Each structure stands twice: as structure tokens, then as C-alpha cells.
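Here is model17.pdb, consisting of PDB, C-alpha atoms:
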```pdb
ATOM      1  CA  MET S 121      -7.208 -51.640 -45.367
ATOM      2  CA  LEU S 122     -10.732 -52.145 -46.460
ATOM      3  CA  ALA S 123     -11.956 -52.600 -49.971
ATOM      4  CA  PHE S 124     -15.416 -51.071 -49.931
ATOM      5  CA  LEU S 125     -17.987 -51.537 -52.555
ATOM      6  CA  LEU S 126     -20.057 -48.613 -51.839
ATOM      7  CA  ALA S 127     -22.361 -46.089 -53.601
ATOM      8  CA  ALA S 128     -38.388 -50.491 -58.489
ATOM      9  CA  TRP S 129     -41.601 -51.367 -59.380
ATOM     10  CA  GLY S 130     -45.320 -51.040 -59.261
ATOM     11  CA  CYS S 131     -46.612 -49.750 -55.939
ATOM     12  CA  SER S 132     -48.728 -52.829 -55.356
ATOM     13  CA  VAL S 133     -45.699 -55.068 -54.794
ATOM     14  CA  PHE S 134     -43.555 -52.720 -52.748
ATOM     15  CA  ASP S 135     -42.756 -53.806 -49.192
ATOM     16  CA  GLN S 136     -42.981 -50.669 -47.068
ATOM     17  CA  SER S 137     -40.946 -52.301 -44.293
ATOM     18  CA  LEU S 138     -37.858 -52.171 -46.495
ATOM     19  CA  TYR S 139     -37.490 -48.405 -46.609
ATOM     20  CA  LEU S 140     -34.086 -47.380 -45.277
ATOM     21  CA  ARG S 141     -35.444 -45.630 -42.223
ATOM     22  CA  GLU S 142     -37.078 -48.873 -41.119
ATOM     23  CA  VAL S 143     -34.448 -51.424 -42.052
ATOM     24  CA  PRO S 144     -32.364 -51.020 -38.841
ATOM     25  CA  ASP S 145     -35.241 -52.478 -36.792
ATOM     26  CA  ALA S 146     -35.311 -55.715 -38.783
ATOM     27  CA  GLY S 147     -34.253 -58.670 -36.651
ATOM     28  CA  LEU S 148     -33.307 -56.589 -33.613
ATOM     29  CA  ASP S 149     -34.382 -57.134 -30.041
ATOM     30  CA  THR S 150     -37.091 -54.720 -29.013
ATOM     31  CA  ALA S 151     -35.398 -54.085 -25.672
ATOM     32  CA  PRO S 152     -31.626 -53.571 -26.155
ATOM     33  CA  PRO S 153     -29.382 -54.176 -23.129
ATOM     34  CA  PRO S 154     -28.198 -51.259 -20.959
ATOM     35  CA  PRO S 155     -25.781 -48.780 -22.586
ATOM     36  CA  SER S 156     -22.407 -50.309 -23.324
ATOM     37  CA  VAL S 157     -19.098 -48.616 -22.731
ATOM     38  CA  LEU S 158     -17.215 -47.435 -25.806
ATOM     39  CA  ALA S 159     -13.516 -46.659 -25.855
ATOM     40  CA  ASP S 160     -13.099 -42.878 -25.879
ATOM     41  CA  THR S 161     -10.163 -43.074 -28.272
ATOM     42  CA  CYS S 162      -9.033 -45.654 -30.782
ATOM     43  CA  ASP S 163      -5.646 -46.148 -29.117
ATOM     44  CA  GLN S 164      -7.183 -47.229 -25.808
ATOM     45  CA  THR S 165      -8.291 -50.770 -25.015
ATOM     46  CA  VAL S 166     -11.187 -50.972 -27.447
ATOM     47  CA  PRO S 167     -13.934 -53.524 -26.687
ATOM     48  CA  THR S 168     -14.405 -56.184 -29.353
ATOM     49  CA  VAL S 169     -17.840 -57.029 -30.721
ATOM     50  CA  GLU S 170     -18.832 -60.194 -32.527
ATOM     51  CA  SER S 171     -21.329 -60.573 -35.329
ATOM     52  CA  SER S 172     -24.837 -60.740 -33.886
ATOM     53  CA  ARG S 173     -28.434 -60.034 -34.786
ATOM     54  CA  THR S 174     -28.889 -58.489 -31.350
ATOM     55  CA  ALA S 175     -28.305 -54.751 -31.082
ATOM     56  CA  PHE S 176     -26.461 -53.126 -28.200
ATOM     57  CA  THR S 177     -26.885 -49.551 -27.034
ATOM     58  CA  VAL S 178     -24.145 -46.987 -26.660
ATOM     59  CA  ASP S 179     -24.033 -43.558 -25.036
ATOM     60  CA  THR S 180     -21.475 -41.104 -26.385
ATOM     61  CA  SER S 181     -22.632 -38.105 -24.335
ATOM     62  CA  SER S 182     -19.833 -38.504 -21.773
ATOM     63  CA  LEU S 183     -17.104 -39.005 -24.389
ATOM     64  CA  ALA S 184     -14.888 -36.450 -26.075
ATOM     65  CA  GLY S 185     -14.946 -35.464 -29.738
ATOM     66  CA  ASN S 186     -11.500 -36.698 -30.742
ATOM     67  CA  VAL S 187     -11.999 -37.484 -34.429
ATOM     68  CA  ASN S 188     -12.833 -34.835 -37.021
ATOM     69  CA  GLU S 189     -10.622 -35.751 -39.993
ATOM     70  CA  VAL S 190     -12.884 -38.322 -41.636
ATOM     71  CA  GLY S 191     -14.533 -36.079 -44.197
ATOM     72  CA  ALA S 192     -13.000 -38.125 -47.003
ATOM     73  CA  CYS S 193     -15.156 -41.115 -46.061
ATOM     74  CA  THR S 194     -18.256 -39.490 -44.558
ATOM     75  CA  ASN S 195     -18.550 -36.459 -46.883
ATOM     76  CA  SER S 196     -18.654 -34.315 -43.751
ATOM     77  CA  SER S 197     -16.529 -33.549 -40.706
ATOM     78  CA  PRO S 198     -18.414 -34.958 -37.705
ATOM     79  CA  ARG S 199     -17.871 -32.666 -34.709
ATOM     80  CA  GLY S 200     -19.726 -34.762 -32.148
ATOM     81  CA  ASN S 201     -18.696 -36.985 -29.288
ATOM     82  CA  ASP S 202     -17.195 -40.206 -30.612
ATOM     83  CA  GLY S 203     -16.366 -43.681 -29.331
ATOM     84  CA  PHE S 204     -15.034 -46.949 -30.695
ATOM     85  CA  VAL S 205     -15.631 -50.683 -30.800
ATOM     86  CA  ALA S 206     -13.494 -53.170 -32.722
ATOM     87  CA  ILE S 207     -14.020 -56.250 -34.864
ATOM     88  CA  ASN S 208     -11.620 -59.031 -35.757
ATOM     89  CA  ALA S 209     -12.324 -59.854 -39.397
ATOM     90  CA  LYS S 210     -10.902 -62.167 -42.038
ATOM     91  CA  GLY S 211      -9.980 -61.054 -45.534
ATOM     92  CA  GLY S 212     -12.914 -61.228 -47.929
ATOM     93  CA  GLU S 213     -15.582 -61.085 -45.218
ATOM     94  CA  ARG S 214     -18.557 -58.807 -45.575
ATOM     95  CA  TRP S 215     -19.672 -56.745 -42.579
ATOM     96  CA  HIS S 216     -22.550 -54.397 -41.954
ATOM     97  CA  VAL S 217     -23.062 -51.723 -39.283
ATOM     98  CA  HIS S 218     -26.287 -49.959 -38.274
ATOM     99  CA  VAL S 219     -26.432 -46.971 -35.941
ATOM    100  CA  GLN S 220     -29.988 -46.037 -34.977
ATOM    101  CA  PRO S 221     -30.363 -42.827 -32.899
ATOM    102  CA  MET S 222     -32.524 -43.077 -29.794
ATOM    103  CA  SER S 223     -31.962 -39.961 -27.653
ATOM    104  CA  PRO S 224     -32.068 -37.018 -28.144
ATOM    105  CA  PRO S 225     -34.528 -37.227 -31.060
ATOM    106  CA  GLU S 226     -32.431 -34.858 -33.170
ATOM    107  CA  LEU S 227     -29.245 -36.924 -32.817
ATOM    108  CA  ASN S 228     -27.508 -37.054 -36.215
ATOM    109  CA  PRO S 229     -25.227 -40.125 -36.221
ATOM    110  CA  ALA S 230     -22.182 -40.826 -38.346
ATOM    111  CA  ILE S 231     -20.172 -44.040 -38.619
ATOM    112  CA  TYR S 232     -16.797 -44.942 -40.072
ATOM    113  CA  VAL S 233     -14.388 -47.861 -40.061
ATOM    114  CA  LEU S 234     -10.632 -47.458 -39.663
ATOM    115  CA  GLY S 235      -7.852 -49.921 -40.363
ATOM    116  CA  SER S 236      -5.650 -48.031 -37.894
ATOM    117  CA  CYS S 237      -6.062 -45.293 -35.313
ATOM    118  CA  ASP S 238      -5.009 -42.637 -37.817
ATOM    119  CA  ALA S 239      -8.313 -41.020 -38.795
ATOM    120  CA  ARG S 240      -6.709 -39.753 -41.990
ATOM    121  CA  SER S 241      -6.696 -43.355 -43.219
ATOM    122  CA  CYS S 242     -10.463 -43.146 -43.677
ATOM    123  CA  GLN S 243     -11.067 -43.377 -47.422
ATOM    124  CA  PRO S 244     -14.194 -42.915 -49.579
ATOM    125  CA  GLY S 245     -16.660 -45.701 -48.921
ATOM    126  CA  MET S 246     -15.397 -46.276 -45.390
ATOM    127  CA  GLY S 247     -18.063 -44.188 -43.659
ATOM    128  CA  SER S 248     -21.620 -42.956 -43.746
ATOM    129  CA  ASP S 249     -23.192 -39.634 -42.722
ATOM    130  CA  ALA S 250     -25.988 -38.998 -45.180
ATOM    131  CA  CYS S 251     -29.399 -39.382 -43.606
ATOM    132  CA  GLY S 252     -29.792 -36.413 -41.275
ATOM    133  CA  PRO S 253     -31.099 -35.838 -37.728
ATOM    134  CA  GLY S 254     -33.108 -38.645 -36.183
ATOM    135  CA  ALA S 255     -32.395 -41.056 -39.051
ATOM    136  CA  SER S 256     -30.327 -44.229 -38.980
ATOM    137  CA  GLU S 257     -26.993 -44.618 -40.705
ATOM    138  CA  HIS S 258     -25.779 -47.925 -42.071
ATOM    139  CA  LEU S 259     -22.618 -49.079 -43.781
ATOM    140  CA  SER S 260     -21.616 -52.222 -45.679
ATOM    141  CA  PHE S 261     -18.025 -53.124 -46.386
ATOM    142  CA  ILE S 262     -15.752 -55.992 -47.403
ATOM    143  CA  VAL S 263     -12.521 -56.562 -45.510
ATOM    144  CA  LYS S 264      -9.579 -56.955 -47.872
ATOM    145  CA  SER S 265      -7.102 -58.426 -45.389
ATOM    146  CA  THR S 266      -7.387 -60.200 -42.054
ATOM    147  CA  GLY S 267      -6.956 -57.895 -39.095
ATOM    148  CA  ARG S 268      -8.499 -55.740 -36.407
ATOM    149  CA  TYR S 269     -10.697 -52.840 -37.470
ATOM    150  CA  PHE S 270     -12.155 -49.967 -35.470
ATOM    151  CA  ILE S 271     -15.758 -48.819 -35.848
ATOM    152  CA  GLY S 272     -16.294 -45.187 -34.892
ATOM    153  CA  VAL S 273     -19.709 -44.117 -33.610
ATOM    154  CA  ASP S 274     -19.909 -40.342 -34.035
ATOM    155  CA  SER S 275     -22.415 -37.570 -34.702
ATOM    156  CA  ARG S 276     -22.627 -34.449 -36.819
ATOM    157  CA  GLU S 277     -23.051 -32.055 -33.872
ATOM    158  CA  PRO S 278     -21.419 -31.942 -30.402
ATOM    159  CA  GLY S 279     -23.222 -33.431 -27.436
ATOM    160  CA  GLY S 280     -23.585 -37.064 -28.441
ATOM    161  CA  GLY S 281     -26.388 -39.268 -27.218
ATOM    162  CA  VAL S 282     -27.766 -42.793 -27.037
ATOM    163  CA  SER S 283     -27.926 -45.036 -30.107
ATOM    164  CA  SER S 284     -28.728 -48.643 -30.883
ATOM    165  CA  VAL S 285     -25.863 -50.311 -32.754
ATOM    166  CA  LEU S 286     -25.871 -53.512 -34.774
ATOM    167  CA  VAL S 287     -22.669 -55.103 -36.083
ATOM    168  CA  ILE S 288     -23.252 -58.114 -38.279
ATOM    169  CA  HIS S 289     -21.204 -60.399 -40.528
ATOM    170  CA  PRO S 290     -23.717 -61.697 -43.107
ATOM    171  CA  ILE S 291     -22.790 -64.988 -44.750
ATOM    172  CA  CYS S 292     -23.977 -65.316 -48.336
ATOM    173  CA  GLY S 293     -25.304 -68.730 -49.315
ATOM    174  CA  ASN S 294     -26.428 -69.939 -45.901
ATOM    175  CA  GLY S 295     -30.089 -69.809 -46.934
ATOM    176  CA  GLY S 296     -33.020 -68.530 -44.935
ATOM    177  CA  SER S 297     -34.124 -64.926 -44.817
ATOM    178  CA  PRO S 298     -31.701 -62.378 -46.321
ATOM    179  CA  GLU S 299     -29.462 -60.776 -43.733
ATOM    180  CA  HIS S 300     -28.441 -57.134 -43.625
ATOM    181  CA  ALA S 301     -26.527 -56.145 -46.785
ATOM    182  CA  GLU S 302     -28.175 -58.985 -48.736
ATOM    183  CA  THR S 303     -31.104 -58.619 -51.125
ATOM    184  CA  CYS S 304     -31.508 -62.388 -51.512
ATOM    185  CA  ASP S 305     -30.059 -65.670 -50.249
ATOM    186  CA  ASP S 306     -31.012 -68.828 -52.126
ATOM    187  CA  GLY S 307     -28.627 -71.110 -50.261
ATOM    188  CA  ASN S 308     -25.778 -71.007 -52.787
ATOM    189  CA  THR S 309     -23.181 -68.658 -54.242
ATOM    190  CA  VAL S 310     -23.920 -69.315 -57.905
ATOM    191  CA  SER S 311     -24.923 -66.454 -60.200
ATOM    192  CA  GLY S 312     -27.562 -66.696 -62.899
ATOM    193  CA  ASP S 313     -30.353 -68.207 -60.804
ATOM    194  CA  GLY S 314     -31.983 -64.974 -59.663
ATOM    195  CA  CYS S 315     -29.504 -64.393 -56.827
ATOM    196  CA  ASP S 316     -25.835 -63.805 -57.625
ATOM    197  CA  PHE S 317     -22.668 -65.062 -55.930
ATOM    198  CA  GLN S 318     -22.713 -62.112 -53.526
ATOM    199  CA  CYS S 319     -26.410 -62.475 -52.592
ATOM    200  CA  ARG S 320     -27.538 -59.569 -54.747
ATOM    201  CA  LYS S 321     -30.921 -59.884 -56.457
ATOM    202  CA  GLU S 322     -30.757 -60.439 -60.222
ATOM    203  CA  LEU S 323     -33.489 -58.588 -62.113
ATOM    204  CA  ALA S 324     -34.870 -59.642 -65.472
ATOM    205  CA  THR S 325     -36.387 -56.912 -67.613
ATOM    206  CA  GLY S 326     -39.573 -55.428 -66.198
ATOM    207  CA  GLU S 327     -39.012 -56.745 -62.669
ATOM    208  CA  SER S 328     -39.195 -54.601 -59.560
ATOM    209  CA  GLU S 329     -36.173 -53.706 -57.461
ATOM    210  CA  THR S 330     -35.517 -55.444 -54.173
ATOM    211  CA  GLU S 331     -34.722 -53.167 -51.239
ATOM    212  CA  PRO S 332     -32.497 -52.200 -49.562
ATOM    213  CA  ASN S 333     -30.192 -51.690 -52.550
ATOM    214  CA  ASP S 334     -28.441 -48.465 -51.687
ATOM    215  CA  ASP S 335     -24.810 -49.560 -52.209
ATOM    216  CA  PRO S 336     -22.835 -51.983 -54.408
ATOM    217  CA  GLU S 337     -22.918 -54.585 -51.658
ATOM    218  CA  SER S 338     -26.649 -54.945 -52.176
ATOM    219  CA  ALA S 339     -27.114 -53.474 -55.659
ATOM    220  CA  ASN S 340     -29.657 -55.196 -57.873
ATOM    221  CA  MET S 341     -27.966 -56.900 -60.816
ATOM    222  CA  LEU S 342     -29.580 -56.065 -64.163
ATOM    223  CA  ILE S 343     -29.684 -59.104 -66.429
ATOM    224  CA  LEU S 344     -29.719 -57.841 -70.000
ATOM    225  CA  PRO S 345     -31.569 -59.918 -72.622
ATOM    226  CA  PRO S 346     -30.057 -60.595 -76.064
ATOM    227  CA  ALA S 347     -31.330 -57.208 -77.220
ATOM    228  CA  ALA S 348     -29.076 -55.657 -74.536
ATOM    229  CA  LYS S 349     -31.903 -53.503 -73.179
ATOM    230  CA  THR S 350     -33.662 -53.880 -69.841
ATOM    231  CA  LEU S 351     -36.173 -52.077 -67.660
ATOM    232  CA  ALA S 352     -36.345 -52.015 -63.868
ATOM    233  CA  ARG S 353     -39.119 -50.605 -61.710
ATOM    234  CA  GLY S 354     -38.324 -48.709 -58.526
ATOM    235  CA  ARG S 355     -39.401 -46.217 -55.920
ATOM    236  CA  LEU S 356     -37.421 -43.518 -54.160
ATOM    237  CA  GLY S 357     -38.731 -43.222 -50.634
ATOM    238  CA  ASN S 358     -36.863 -40.235 -49.177
ATOM    239  CA  ASN S 359     -33.677 -38.187 -49.500
ATOM    240  CA  CYS S 360     -31.679 -41.015 -47.911
ATOM    241  CA  ASP S 361     -32.985 -43.694 -50.264
ATOM    242  CA  TYR S 362     -30.378 -44.562 -52.888
ATOM    243  CA  ASP S 363     -31.261 -47.209 -55.478
ATOM    244  CA  MET S 364     -28.246 -48.882 -57.065
ATOM    245  CA  TYR S 365     -28.177 -51.191 -60.040
ATOM    246  CA  ALA S 366     -25.220 -53.120 -61.445
ATOM    247  CA  VAL S 367     -24.784 -53.853 -65.135
ATOM    248  CA  LYS S 368     -22.053 -55.547 -67.140
ATOM    249  CA  VAL S 369     -20.575 -53.480 -69.962
ATOM    250  CA  PRO S 370     -18.237 -54.976 -72.628
ATOM    251  CA  LYS S 371     -14.932 -53.432 -73.656
ATOM    252  CA  ASP S 372     -15.541 -50.224 -75.629
ATOM    253  CA  GLY S 373     -19.260 -50.605 -74.925
ATOM    254  CA  THR S 374     -21.743 -47.765 -74.507
ATOM    255  CA  ILE S 375     -24.296 -47.612 -71.714
ATOM    256  CA  THR S 376     -27.373 -45.406 -71.881
ATOM    257  CA  ALA S 377     -29.732 -45.085 -68.914
ATOM    258  CA  LYS S 378     -32.719 -42.857 -68.319
ATOM    259  CA  VAL S 379     -35.350 -42.418 -65.645
ATOM    260  CA  LEU S 380     -38.949 -42.495 -66.894
ATOM    261  CA  THR S 381     -42.419 -42.518 -65.381
ATOM    262  CA  PRO S 382     -43.848 -45.968 -64.472
ATOM    263  CA  ALA S 383     -45.717 -45.857 -67.798
ATOM    264  CA  GLY S 384     -42.445 -45.378 -69.699
ATOM    265  CA  ALA S 385     -43.006 -41.727 -70.568
ATOM    266  CA  PRO S 386     -40.653 -38.771 -70.004
ATOM    267  CA  CYS S 387     -41.022 -37.280 -66.533
ATOM    268  CA  PRO S 388     -42.834 -33.957 -66.203
ATOM    269  CA  ALA S 389     -40.800 -30.935 -65.220
ATOM    270  CA  THR S 390     -42.565 -31.043 -61.842
ATOM    271  CA  ALA S 391     -41.099 -34.463 -60.953
ATOM    272  CA  GLY S 392     -38.665 -32.930 -58.452
ATOM    273  CA  SER S 393     -34.934 -33.245 -57.923
ATOM    274  CA  ILE S 394     -34.319 -36.744 -59.292
ATOM    275  CA  ARG S 395     -30.646 -37.643 -59.761
ATOM    276  CA  LEU S 396     -28.914 -40.349 -61.790
ATOM    277  CA  SER S 397     -25.209 -41.200 -61.758
ATOM    278  CA  LEU S 398     -23.005 -43.695 -63.548
ATOM    279  CA  MET S 399     -20.516 -45.022 -61.002
ATOM    280  CA  GLY S 400     -17.224 -46.789 -61.641
ATOM    281  CA  GLN S 401     -16.433 -50.427 -60.951
ATOM    282  CA  ASP S 402     -15.732 -49.685 -57.291
ATOM    283  CA  GLY S 403     -19.176 -48.145 -56.906
ATOM    284  CA  LEU S 404     -17.628 -45.082 -55.261
ATOM    285  CA  VAL S 405     -16.474 -42.769 -58.026
ATOM    286  CA  GLU S 406     -19.020 -40.983 -60.190
ATOM    287  CA  LEU S 407     -17.993 -41.256 -63.829
ATOM    288  CA  LYS S 408     -20.844 -39.184 -65.174
ATOM    289  CA  GLY S 409     -23.856 -37.418 -63.741
ATOM    290  CA  GLY S 410     -27.251 -37.556 -65.377
ATOM    291  CA  THR S 411     -28.659 -34.565 -67.206
ATOM    292  CA  ASN S 412     -32.248 -33.448 -67.648
ATOM    293  CA  ALA S 413     -33.729 -32.895 -71.073
ATOM    294  CA  VAL S 414     -35.307 -29.503 -71.630
ATOM    295  CA  GLY S 415     -38.733 -29.433 -70.021
ATOM    296  CA  GLU S 416     -38.308 -32.827 -68.363
ATOM    297  CA  GLY S 417     -37.862 -33.587 -64.682
ATOM    298  CA  CYS S 418     -35.889 -36.850 -64.863
ATOM    299  CA  PRO S 419     -32.280 -37.363 -65.966
ATOM    300  CA  SER S 420     -30.449 -39.595 -68.411
ATOM    301  CA  VAL S 421     -26.809 -40.558 -68.797
ATOM    302  CA  THR S 422     -24.744 -41.925 -71.705
ATOM    303  CA  ALA S 423     -21.117 -43.002 -71.598
ATOM    304  CA  SER S 424     -18.657 -45.076 -73.624
ATOM    305  CA  LEU S 425     -16.438 -47.282 -71.475
ATOM    306  CA  SER S 426     -13.115 -48.646 -72.671
ATOM    307  CA  THR S 427     -12.754 -51.226 -69.891
ATOM    308  CA  GLU S 428     -14.996 -54.275 -69.593
ATOM    309  CA  GLY S 429     -16.582 -54.849 -66.198
ATOM    310  CA  ILE S 430     -19.465 -54.295 -63.802
ATOM    311  CA  TYR S 431     -20.557 -50.673 -63.486
ATOM    312  CA  TYR S 432     -23.221 -49.138 -61.275
ATOM    313  CA  LEU S 433     -26.167 -46.835 -61.831
ATOM    314  CA  ARG S 434     -27.316 -44.874 -58.798
ATOM    315  CA  THR S 435     -30.532 -42.907 -58.594
ATOM    316  CA  TRP S 436     -31.886 -40.852 -55.722
ATOM    317  CA  ALA S 437     -34.199 -37.962 -54.939
ATOM    318  CA  ALA S 438     -32.729 -34.859 -53.340
ATOM    319  CA  ASN S 439     -36.030 -33.541 -51.973
ATOM    320  CA  THR S 440     -38.763 -35.785 -53.362
ATOM    321  CA  THR S 441     -40.510 -38.646 -51.572
ATOM    322  CA  ASN S 442     -42.384 -41.709 -52.808
ATOM    323  CA  PHE S 443     -41.381 -41.262 -56.421
ATOM    324  CA  ASP S 444     -42.159 -44.301 -58.616
ATOM    325  CA  TYR S 445     -40.024 -44.665 -61.724
ATOM    326  CA  LEU S 446     -38.925 -46.905 -64.566
ATOM    327  CA  LEU S 447     -35.196 -47.208 -65.236
ATOM    328  CA  ASP S 448     -34.460 -47.812 -68.925
ATOM    329  CA  VAL S 449     -30.959 -49.232 -69.514
ATOM    330  CA  GLU S 450     -29.368 -50.135 -72.829
ATOM    331  CA  VAL S 451     -25.850 -51.471 -73.477
ATOM    332  CA  THR S 452     -24.400 -51.585 -76.975
ATOM    333  CA  PRO S 453     -21.006 -52.934 -78.121
TER     334      PRO S 453
END
```

Turn this file's structure into C-alpha cells for me.
Amino acid sequence: MLAFLLAAWGCSVFDQSLYLREVPDAGLDTAPPPPSVLADTCDQTVPTVESSRTAFTVDTSSLAGNVNEVGACTNSSPRGNDGFVAINAKGGERWHVHVQPMSPPELNPAIYVLGSCDARSCQPGMGSDACGPGASEHLSFIVKSTGRYFIGVDSREPGGGVSSVLVIHPICGNGGSPEHAETCDDGNTVSGDGCDFQCRKELATGESETEPNDDPESANMLILPPAAKTLARGRLGNNCDYDMYAVKVPKDGTITAKVLTPAGAPCPATAGSIRLSLMGQDGLVELKGGTNAVGEGCPSVTASLSTEGIYYLRTWAANTTNFDYLLDVEVTP
């Protein structure tokens, strides 16, 4: 099975090319090869793909819709035409999958990864179907044990269509430009130097987030000073833009987090539907949802945690775009 780790700044320093809707184009060929053949069902001879920075195209329009029991991992029940490719992965490896719709324009893709051909084995964190028609879906995961895994390319509605697919196995610590699912790569796997052992950006107080950081695989690590309080600057770009931050909490510690305006003031009631969640150590389970103070438009969350470990804060905007914010986080023993 897979062990998935699901799950900002001043405007002047924000790199627009890192918004989620644009990330799938990074490093891809501009002219993908002709449509590749997918296996119609998982129990057929499924073609194997290797890690590559070159995308391949797939066409599911001639395939059947065989899989519809993956709601536990995609938060929906995709009813579209589906097909499969496979990867051979070693335990502990990180993988990343992008599905970028091409035709028809309203194609609403979904992706999931199965450790067997039983769709009911799809668990939370093993799929993605969040971004809507015409938008790309992407999924990061870590393989717990060596084996063969099946990647399902599906869609929310029947009919299928043509998509560009990227399957990549990023290797942390190999230097160079960060690969998909990495927010940094300084050529080593040592934490504490601005880039942690898993190639996640480490943020000192007041620094701006590094995108894309929408899941625990690429969450920005908050480095708390001796005062145990830190601030991070971020921007929510659209309703598919999740910003995730990781923070270490001691045994029986209390974490308090709140979303503020870039100036550090409470948000006005007109700020929109801004959400904040405290996620567990797997990055998948919400431990507590943020609440809004009376007359304010941004949430806060406070929780006491009996178990020491890394926890995650996730913020997103349900129907607000280009929202700049300051995330105020404090941890007390």
C-alpha cells in the first residue's frame, strides 16, 4: 500500500508561474507525442511508465467507465471513462503525477493510485479530484513498499477526452532546479539549512511561502524562533490553491494559528470564504477547523496536542482569488 502525505508573502516577490493551474506545464515538452494507449481495466496488461520530465498524451474517450468506487480517495465518485498505466516503485520513493486536460475544454480529470486492482483499496490521500473542469489535477505520494502500482486516469463526467500526463519520480538532494513535489533542492538531505531532508522549503519568521505547497509532500516548514512564534506570508490564487505549512509541536503543546491581512490586522468581514484547518501528522485528517471571529472574515484555530510531532496547517479560499495574507502561528509548551 501507499503511505501518502497529503493535504505567502508580499505581492512583489510572488512568482506567478507557480500557481497550481500553471505548474503542470513546467518542464514539459510543448508538443507531446501522439496519444498513448491506456489499459481499459486494471487487470489487463497495463503499460508501464518510467519517471520522465516528458509528458505523454492519453485519450480515454474510447474506454469504458469501469471504476467508480474511489470516492474515499478522490472525495467524489468519478463517472467518466477511465484507463490505467503502471509504475514499478521502490519502498520510500516519492512520485508525482500530473493530468492536464486538453480536449474537450470542459474535461474534468481525476487521478488515483491503487496498490491492487480492487478500487475499494483506494484510501484518503491516494487520489485527487478537486480543481474542476478544464483545470489540471496533480498528486504526490510516497510508496511504502516495493511493488507495482496502478495509476488511474479518470474524469468526473462520462465521455472522457485527451489529457497530457506526467509521471515523475523526483529525487531529493540531487541539486539543480526543484522538481515536481519539491519546493527546494540544495543538493543535500540535511534539515536546518533552509531546505529540509525531504526538499521542503524551511521558512524563518516573516518569509514568504514557496509554491507549490499544497500537500505535505511540499509543505513549507515553519521554523519557530525561541519565542515559539512565527509569521509566514502567502497568497491564495484560486479555489484549487491550497497552502500547507508544517510545524513541530511538543508533547502536550498548544498551537494557535490565525489568518491576518498582510499588515497583520484582522481581516474584514468582506474578505471572502477563507478556510484554515489543523491537520494531523499524516496531513490527511482534519483535527480542527478554523473559526471566524464575529465581524471578521478570516479564521483562527487553537488546539492542545498530547502527542509530539509534525502537524500541518492548511489554508485555502473557497471562492476568493488572489488573496494575500499573513499566517500567525504560535506554539506553547

Near-Ala366 in chain S list (9 Å; all atoms listed in the file; drop same-chain fewer than 2 positions) as a list in words: Pro336, Ala339, Asn340, Met341, Leu342, Ile343, Met364, Lys368, Ile430, Tyr431, Tyr432, Leu433 and Arg434 of chain S

Determine the nearest neighbour of Asp444 in chain S from the options S:Pro382, S:Gly307, S:Gly245, S:Pro253, counting only C-alpha atoms. S:Pro382

Do a neighbour search on range 219-234 of chain S at 8 Å with only C-alpha atoms, toss out local chain neighbours closer than 4 positions, and write the hits as an NGL selection string. :S and (121 or 144 or 190 or 193-194 or 198 or 238-239 or 241-242 or 246-249 or 251-259 or 269-277 or 280-286)

Could you state which residues are captured by the PyMOL selection byres ((chain S and resi 314) around 12) in this file, as a PDB file with C-alpha atoms, in the frame of the given file?
```pdb
ATOM      1  CA  THR S 303     -31.104 -58.619 -51.125  1.00  0.00           C
ATOM      2  CA  CYS S 304     -31.508 -62.388 -51.512  1.00  0.00           C
ATOM      3  CA  ASP S 305     -30.059 -65.670 -50.249  1.00  0.00           C
ATOM      4  CA  ASP S 306     -31.012 -68.828 -52.126  1.00  0.00           C
ATOM      5  CA  GLY S 307     -28.627 -71.110 -50.261  1.00  0.00           C
ATOM      6  CA  ASN S 308     -25.778 -71.007 -52.787  1.00  0.00           C
ATOM      7  CA  THR S 309     -23.181 -68.658 -54.242  1.00  0.00           C
ATOM      8  CA  VAL S 310     -23.920 -69.315 -57.905  1.00  0.00           C
ATOM      9  CA  SER S 311     -24.923 -66.454 -60.200  1.00  0.00           C
ATOM     10  CA  GLY S 312     -27.562 -66.696 -62.899  1.00  0.00           C
ATOM     11  CA  ASP S 313     -30.353 -68.207 -60.804  1.00  0.00           C
ATOM     12  CA  CYS S 315     -29.504 -64.393 -56.827  1.00  0.00           C
ATOM     13  CA  ASP S 316     -25.835 -63.805 -57.625  1.00  0.00           C
ATOM     14  CA  PHE S 317     -22.668 -65.062 -55.930  1.00  0.00           C
ATOM     15  CA  GLN S 318     -22.713 -62.112 -53.526  1.00  0.00           C
ATOM     16  CA  CYS S 319     -26.410 -62.475 -52.592  1.00  0.00           C
ATOM     17  CA  ARG S 320     -27.538 -59.569 -54.747  1.00  0.00           C
ATOM     18  CA  LYS S 321     -30.921 -59.884 -56.457  1.00  0.00           C
ATOM     19  CA  GLU S 322     -30.757 -60.439 -60.222  1.00  0.00           C
ATOM     20  CA  LEU S 323     -33.489 -58.588 -62.113  1.00  0.00           C
ATOM     21  CA  ALA S 324     -34.870 -59.642 -65.472  1.00  0.00           C
ATOM     22  CA  GLU S 327     -39.012 -56.745 -62.669  1.00  0.00           C
ATOM     23  CA  THR S 330     -35.517 -55.444 -54.173  1.00  0.00           C
ATOM     24  CA  ASN S 340     -29.657 -55.196 -57.873  1.00  0.00           C
ATOM     25  CA  MET S 341     -27.966 -56.900 -60.816  1.00  0.00           C
ATOM     26  CA  LEU S 342     -29.580 -56.065 -64.163  1.00  0.00           C
ATOM     27  CA  ILE S 343     -29.684 -59.104 -66.429  1.00  0.00           C
TER      28      ILE S 343
END
```

Name the residues captured by the PyMOL selection byres ((chain S and resi 392) around 10) when it is applied to the shown file; answer as a PyMOL selection string. chain S and resi 387-391+393-395+416-418+437-441+443

I want to know what sits within 12 Å of Pro386 in chain S, based on all atoms listed in the file, with residues of the same chain fewer than 5 positions away left out; could you give that as an MDAnalysis selection string? chainID S and resid 378:381 391 412:420 445:448
